[in-house]
Every structure is written in structure tokens, then in C-alpha cells.
Amino acid sequence: MLSTGTPAGWAWSDVDVAVPRPSGQLPGISMAGFRQRVPAPVVDIAMVVHPSVTLLIDLSEGEGLVYDTHGRHERGSVVVGLLPGDLRATGRGTGECLQIRLEPVAAAAVLSASTELSGTVVSLEDVWGRDAGRTEDRLRAAASWDERFAIAAEILGRRLGGRPQVDPEVAHTWRRTVTSRGRVRVDGLADEVGWSRKRLWSRFRSQLGITPKRAARLVRFDHAAHLLAAGHAPARVATESGYVDQSHLHREVKAFAGLTPTAVAIAPWLAIDDVAWPVSSPTRSPVTGGERIPTFVEQPACAS
């Protein structure tokens, strides 16, 4: 999710957000389209971690945004791995962007080097080669967001079916981690799949690029962040999210977001989730679909 603050001149009222109809959704994959009607600068916007691998496909005309992490700069369409670290975006927000979130299990099939992407951001061309440019061209030529979502679903669906999947035991462990909101023990998960703790740890990390314990912490943080952004008090969030106490919550939020729980609660980077990612938050019911949804909350154009 982009932003720890709202750049001067930027408002969500100048951005249209589109989401796919439920019938066009793929398992483990969610998409949202963003179109900015009024140009505005993007100045040093921070990206906060989310339990997914993110594709940001730049469909704008011009230079697009520049992403900076660990001293590495990438422009245009990029792939953001799990736990990218201190990732910043700068540039001039114009045009359109398709954002795709891949759960790690889906990312392992869609991206041949998904485990190597953890902790960094790379250009989409580095991952997909010539297919990246072809994908951008097809999406730009589409007449509507419905058509763009259909094109993206076709491309992603083909990759889902054509590459080796992760072990069923690893997929089960990830699903249980998400459904439990990170409140599950690795030993218990190992027992569920009939593996030793050591084997589960090794296979999970080699196939998803993150350890089971780190995955649980990330999912739990994401749940807590949504509760904070929904206005719940930190003490209550700590209890509901399974942290030992409020100090534990503070340390984890600081570690993952670089912010305090109070800052997360007032930061705008989750404000658009009700529309763009209708099933990503524990605090709301899903949106039923539709092609184009205008929003009126301040937020950057490509929110991850």
C-alpha cells in the first residue's frame, strides 16, 4: 500500500478505481485499475508491506513512476516481492495503472522466480521478458477496464496452469496462516500436513520465499493494520490480533511499516481498500463488483 502521507495536490477524488466482476476473478489473485484524471506529483511515497507479491503495470503515457529500494531504481511496470523493505515511489502521477496482487502460492506459478523477488522490486520485463511489453500493449489497446481485466485473467490463468505448483502441504500451510490471521503455530501446521517442523520450514521457505513464522507475523500485522485504520484503539487491536500486549503491537507495526500504531491509524494508505480490495480487510463485507467505481478519499494513484 502506498503512502504514509498525501502529497500536495493529490486527492482520490481525481482518481477512478475499477475492480473486476466476481465472475472474472482467479483464485489467489486480485486486481484493481486506477485512472487519474488530473496530473499531480508523487513525492517520496512509502510502500508498506502486504502479504502478497504485487504487479504494478504502468499503462500511462510518459515516464511513469520511479521505484527506489536498497539503492536500486526501477521505472514503469514492476514486480514487488514480499517484504520489499524501504520502498519509495516518486514521479508524476498521470494516466492509468493496473495493480495485481498475487498470494505467494499463486505467485510461485505466475512468476518463475518469485522466491528470488522477496525483499526487492524488479522491472516486469526482467521477470517476463518480451511478454511484459506485449502485455502492456494489449492492456493499453483495450477499450474498457472489463476488457483489461479479462486480458489479465487470460494471461495469468495461462501461467497458473502452465507452471509447477507448490507442494499441497505448503499451499495448505499458507491458507491456514491467512485464515487464522497469523495466529497459528508452526508445530501445529507441521502436524496437520504430516511433516516435521524442519521439513515444513525448509519447503515453505524454498517455494514461497519466506519462512512460516515470518509469514504468520506478516499476516497478523496486516490484520492489525486494517483494524487500526478502521479506528480501533491500539490496546483493543493488540488483543484481537493476538499480540502479547500493546508494546508488542507497537514493535511489530514499527518493524513492518516503520510507523507507530497511531500513525497507521491516521495514514491514508488503507483508505481505499474498501473499494480496490473489497475482500482484503477483516472489517468489512465484500463489494459485489462492477466495472468503474469513483472514490473520494485522499490516496496515491497506485496503492499497493
# chains A, B, ... in the order shown; residues from 1 in each chain; ligands from 1
$ residues_around --residues "A:Thr262" --least-positions-apart "2" --cutoff "10 Å" --atoms "only C-alpha atoms" --output "PDB file with C-alpha atoms, in the first residue's frame"
ATOM      1  CA  LEU A 228      -6.065   0.349  13.290  1.00  0.00           C
ATOM      2  CA  ALA A 229      -7.066   2.089  10.069  1.00  0.00           C
ATOM      3  CA  GLY A 231     -10.400   3.327  14.012  1.00  0.00           C
ATOM      4  CA  ALA A 233      -7.825   1.577  19.691  1.00  0.00           C
ATOM      5  CA  PRO A 234      -4.313   0.056  19.765  1.00  0.00           C
ATOM      6  CA  HIS A 250       3.960  -1.272  18.645  1.00  0.00           C
ATOM      7  CA  VAL A 253       3.998  -2.289  13.444  1.00  0.00           C
ATOM      8  CA  LEU A 259       5.335   3.734  11.791  1.00  0.00           C
ATOM      9  CA  THR A 260       3.672   3.783  15.186  1.00  0.00           C
ATOM     10  CA  VAL A 264      -1.006   3.822  10.934  1.00  0.00           C
ATOM     11  CA  ALA A 265      -4.467   4.683  12.222  1.00  0.00           C
ATOM     12  CA  ILE A 266      -4.430   8.113  10.551  1.00  0.00           C
ATOM     13  CA  ALA A 267      -2.333   7.308   7.466  1.00  0.00           C
TER      14      ALA A 267
END
$ select_by_dssp --residues "stretch 121-249 of chain A" --states "helix (DSSP H, G or I)" --output "PyMOL selection string"
chain A and resi 124-128+130-141+145-162+168-179+186-193+197-208+212-229+234-241+246-249
$ select_by_dssp --residues "stretch 100-183 of chain A" --states "strand (DSSP E or B)" --output "tab-separated table (two decimals) with N, CA and C atoms, in the first residue's frame"
chain	number	residue	atom	x	y	z
A	100	ILE	N	-1.98	-5.78	-9.61
A	100	ILE	CA	-2.36	-7.18	-9.41
A	100	ILE	C	-1.68	-7.70	-8.16
A	101	ARG	N	-2.46	-8.22	-7.25
A	101	ARG	CA	-1.91	-8.85	-6.05
A	101	ARG	C	-1.95	-10.36	-6.21
A	102	LEU	N	-0.81	-10.98	-5.98
A	102	LEU	CA	-0.69	-12.43	-6.09
A	102	LEU	C	-0.37	-13.00	-4.71
A	121	VAL	N	12.38	-5.10	-5.48
A	121	VAL	CA	11.47	-4.74	-6.56
A	121	VAL	C	12.27	-4.80	-7.86
A	122	VAL	N	11.68	-5.39	-8.88
A	122	VAL	CA	12.36	-5.52	-10.18
A	122	VAL	C	11.39	-5.12	-11.28
A	123	SER	N	11.92	-4.82	-12.45
A	123	SER	CA	11.05	-4.48	-13.56
A	123	SER	C	10.31	-5.72	-14.03
$ atom_distance --atom1 "atom CA of A:Ala215" --atom2 "atom CA of A:Thr120"
16.4 Å
$ closest_residue --among "A:Val66, A:Val105, A:Leu59, A:Ala152" --to "A:Ile210" --atoms "only C-alpha atoms"
A:Val105
$ closest_residue --among "A:Asp222, A:Glu240, A:Asp16, A:Glu252" --to "A:Ala276" --atoms "only C-alpha atoms"
A:Asp16
$ residues_around --residues "A:Asp167" --least-positions-apart "4" --cutoff "10 Å" --atoms "only C-alpha atoms" --output "PDB file with all heavy atoms, in the first residue's frame"
ATOM      1  N   VAL A 105       1.379 -18.373  -3.067  1.00  0.00           N
ATOM      2  CA  VAL A 105       1.187 -19.655  -3.749  1.00  0.00           C
ATOM      3  C   VAL A 105       0.915 -19.424  -5.231  1.00  0.00           C
ATOM      4  O   VAL A 105       1.441 -20.125  -6.097  1.00  0.00           O
ATOM      5  CB  VAL A 105       0.039 -20.451  -3.100  1.00  0.00           C
ATOM      6  CG1 VAL A 105      -0.285 -21.702  -3.918  1.00  0.00           C
ATOM      7  CG2 VAL A 105       0.408 -20.841  -1.662  1.00  0.00           C
ATOM      8  N   ALA A 171       0.893 -25.137   0.266  1.00  0.00           N
ATOM      9  CA  ALA A 171      -0.308 -24.355  -0.023  1.00  0.00           C
ATOM     10  C   ALA A 171      -1.280 -24.378   1.151  1.00  0.00           C
ATOM     11  O   ALA A 171      -1.869 -23.353   1.515  1.00  0.00           O
ATOM     12  CB  ALA A 171      -0.984 -24.889  -1.283  1.00  0.00           C
ATOM     13  N   HIS A 172      -1.435 -25.547   1.755  1.00  0.00           N
ATOM     14  CA  HIS A 172      -2.323 -25.658   2.916  1.00  0.00           C
ATOM     15  C   HIS A 172      -1.813 -24.801   4.066  1.00  0.00           C
ATOM     16  O   HIS A 172      -2.597 -24.118   4.740  1.00  0.00           O
ATOM     17  CB  HIS A 172      -2.417 -27.118   3.360  1.00  0.00           C
ATOM     18  CG  HIS A 172      -3.151 -27.316   4.652  1.00  0.00           C
ATOM     19  ND1 HIS A 172      -4.534 -27.385   4.720  1.00  0.00           N
ATOM     20  CD2 HIS A 172      -2.701 -27.428   5.941  1.00  0.00           C
ATOM     21  CE1 HIS A 172      -4.907 -27.536   5.983  1.00  0.00           C
ATOM     22  NE2 HIS A 172      -3.819 -27.580   6.740  1.00  0.00           N
ATOM     23  N   THR A 173      -0.516 -24.836   4.293  1.00  0.00           N
ATOM     24  CA  THR A 173       0.072 -24.048   5.377  1.00  0.00           C
ATOM     25  C   THR A 173      -0.162 -22.559   5.166  1.00  0.00           C
ATOM     26  O   THR A 173      -0.496 -21.829   6.103  1.00  0.00           O
ATOM     27  CB  THR A 173       1.577 -24.334   5.491  1.00  0.00           C
ATOM     28  OG1 THR A 173       1.768 -25.720   5.766  1.00  0.00           O
ATOM     29  CG2 THR A 173       2.218 -23.496   6.581  1.00  0.00           C
ATOM     30  N   ARG A 203      10.745 -26.426   3.074  1.00  0.00           N
ATOM     31  CA  ARG A 203       9.969 -26.431   1.837  1.00  0.00           C
ATOM     32  C   ARG A 203       9.177 -25.136   1.662  1.00  0.00           C
ATOM     33  O   ARG A 203       9.079 -24.609   0.560  1.00  0.00           O
ATOM     34  CB  ARG A 203       9.015 -27.632   1.822  1.00  0.00           C
ATOM     35  CG  ARG A 203       9.698 -28.970   1.882  1.00  0.00           C
ATOM     36  CD  ARG A 203      10.445 -29.288   0.615  1.00  0.00           C
ATOM     37  NE  ARG A 203       9.552 -29.645  -0.486  1.00  0.00           N
ATOM     38  CZ  ARG A 203       9.956 -29.906  -1.710  1.00  0.00           C
ATOM     39  NH1 ARG A 203      11.249 -29.827  -2.008  1.00  0.00           N
ATOM     40  NH2 ARG A 203       9.092 -30.247  -2.644  1.00  0.00           N
ATOM     41  N   PHE A 204       8.615 -24.637   2.728  1.00  0.00           N
ATOM     42  CA  PHE A 204       7.844 -23.397   2.676  1.00  0.00           C
ATOM     43  C   PHE A 204       8.732 -22.236   2.238  1.00  0.00           C
ATOM     44  O   PHE A 204       8.374 -21.470   1.337  1.00  0.00           O
ATOM     45  CB  PHE A 204       7.246 -23.118   4.062  1.00  0.00           C
ATOM     46  CG  PHE A 204       6.190 -22.047   4.095  1.00  0.00           C
ATOM     47  CD1 PHE A 204       4.841 -22.374   4.059  1.00  0.00           C
ATOM     48  CD2 PHE A 204       6.527 -20.701   4.194  1.00  0.00           C
ATOM     49  CE1 PHE A 204       3.857 -21.400   4.110  1.00  0.00           C
ATOM     50  CE2 PHE A 204       5.565 -19.720   4.240  1.00  0.00           C
ATOM     51  CZ  PHE A 204       4.222 -20.062   4.200  1.00  0.00           C
ATOM     52  N   GLN A 207       9.905 -22.511  -1.487  1.00  0.00           N
ATOM     53  CA  GLN A 207       8.871 -22.372  -2.503  1.00  0.00           C
ATOM     54  C   GLN A 207       8.145 -21.033  -2.464  1.00  0.00           C
ATOM     55  O   GLN A 207       7.643 -20.569  -3.495  1.00  0.00           O
ATOM     56  CB  GLN A 207       7.854 -23.507  -2.375  1.00  0.00           C
ATOM     57  CG  GLN A 207       8.456 -24.867  -2.691  1.00  0.00           C
ATOM     58  CD  GLN A 207       7.453 -25.996  -2.611  1.00  0.00           C
ATOM     59  OE1 GLN A 207       6.256 -25.782  -2.465  1.00  0.00           O
ATOM     60  NE2 GLN A 207       7.935 -27.228  -2.702  1.00  0.00           N
TER      61      GLN A 207
END
$ atom_distance --atom1 "atom CA of A:Arg140" --atom2 "atom CA of A:Cys97"
9.8 Å
$ residues_around --residues "A:Arg185" --least-positions-apart "3" --cutoff "10 Å" --atoms "only C-alpha atoms" --output "PyMOL selection string"
chain A and resi 177+182+188-190+212-213+216
$ write_last_selection --atoms "N, CA, C and O atoms" --output "CSV table (one decimal), in the first residue's frame"
chain,number,residue,atom,x,y,z
A,177,THR,N,-2.5,-20.1,7.5
A,177,THR,CA,-1.9,-18.9,8.1
A,177,THR,C,-2.8,-17.7,7.8
A,177,THR,O,-3.0,-16.9,8.7
A,182,GLY,N,-2.8,-15.3,11.1
A,182,GLY,CA,-1.4,-15.3,11.6
A,182,GLY,C,-1.3,-15.9,13.0
A,182,GLY,O,-0.2,-16.0,13.5
A,188,GLY,N,2.1,-26.9,15.0
A,188,GLY,CA,0.7,-27.4,14.7
A,188,GLY,C,0.5,-27.6,13.2
A,188,GLY,O,-0.2,-28.5,12.8
A,189,LEU,N,1.0,-26.6,12.4
A,189,LEU,CA,0.8,-26.8,11.0
A,189,LEU,C,1.6,-28.0,10.4
A,189,LEU,O,1.1,-28.7,9.5
A,190,ALA,N,2.8,-28.2,11.0
A,190,ALA,CA,3.5,-29.4,10.6
A,190,ALA,C,2.8,-30.7,10.9
A,190,ALA,O,2.7,-31.6,10.0
A,212,PRO,N,7.6,-19.9,7.5
A,212,PRO,CA,6.3,-19.9,8.0
A,212,PRO,C,6.1,-18.9,9.2
A,212,PRO,O,5.0,-18.3,9.3
A,213,LYS,N,7.1,-18.8,10.0
A,213,LYS,CA,6.9,-17.8,11.1
A,213,LYS,C,6.8,-16.4,10.7
A,213,LYS,O,6.0,-15.6,11.1
A,216,ALA,N,3.4,-15.8,9.2
A,216,ALA,CA,2.4,-15.6,10.2
A,216,ALA,C,2.5,-14.1,10.8
A,216,ALA,O,1.5,-13.5,11.0
$ closest_residue --among "A:Gln25, A:Gln165, A:Ser52, A:Thr90" --to "A:Ser112" --atoms "only C-alpha atoms"
A:Gln165
$ closest_residue --among "A:Leu98, A:Leu227, A:Val53, A:Leu124" --to "A:Arg75" --atoms "only C-alpha atoms"
A:Leu124
$ atom_distance --atom1 "atom CA of A:Ala235" --atom2 "atom CA of A:Val219"
18.6 Å
$ closest_residue --among "A:Pro84, A:Pro261, A:Gly33, A:Pro22" --to "A:Ser144" --atoms "only C-alpha atoms"
A:Gly33
$ closest_residue --among "A:Ala263, A:Arg159, A:Arg183, A:Arg130" --to "A:Tyr243" --atoms "only C-alpha atoms"
A:Arg183
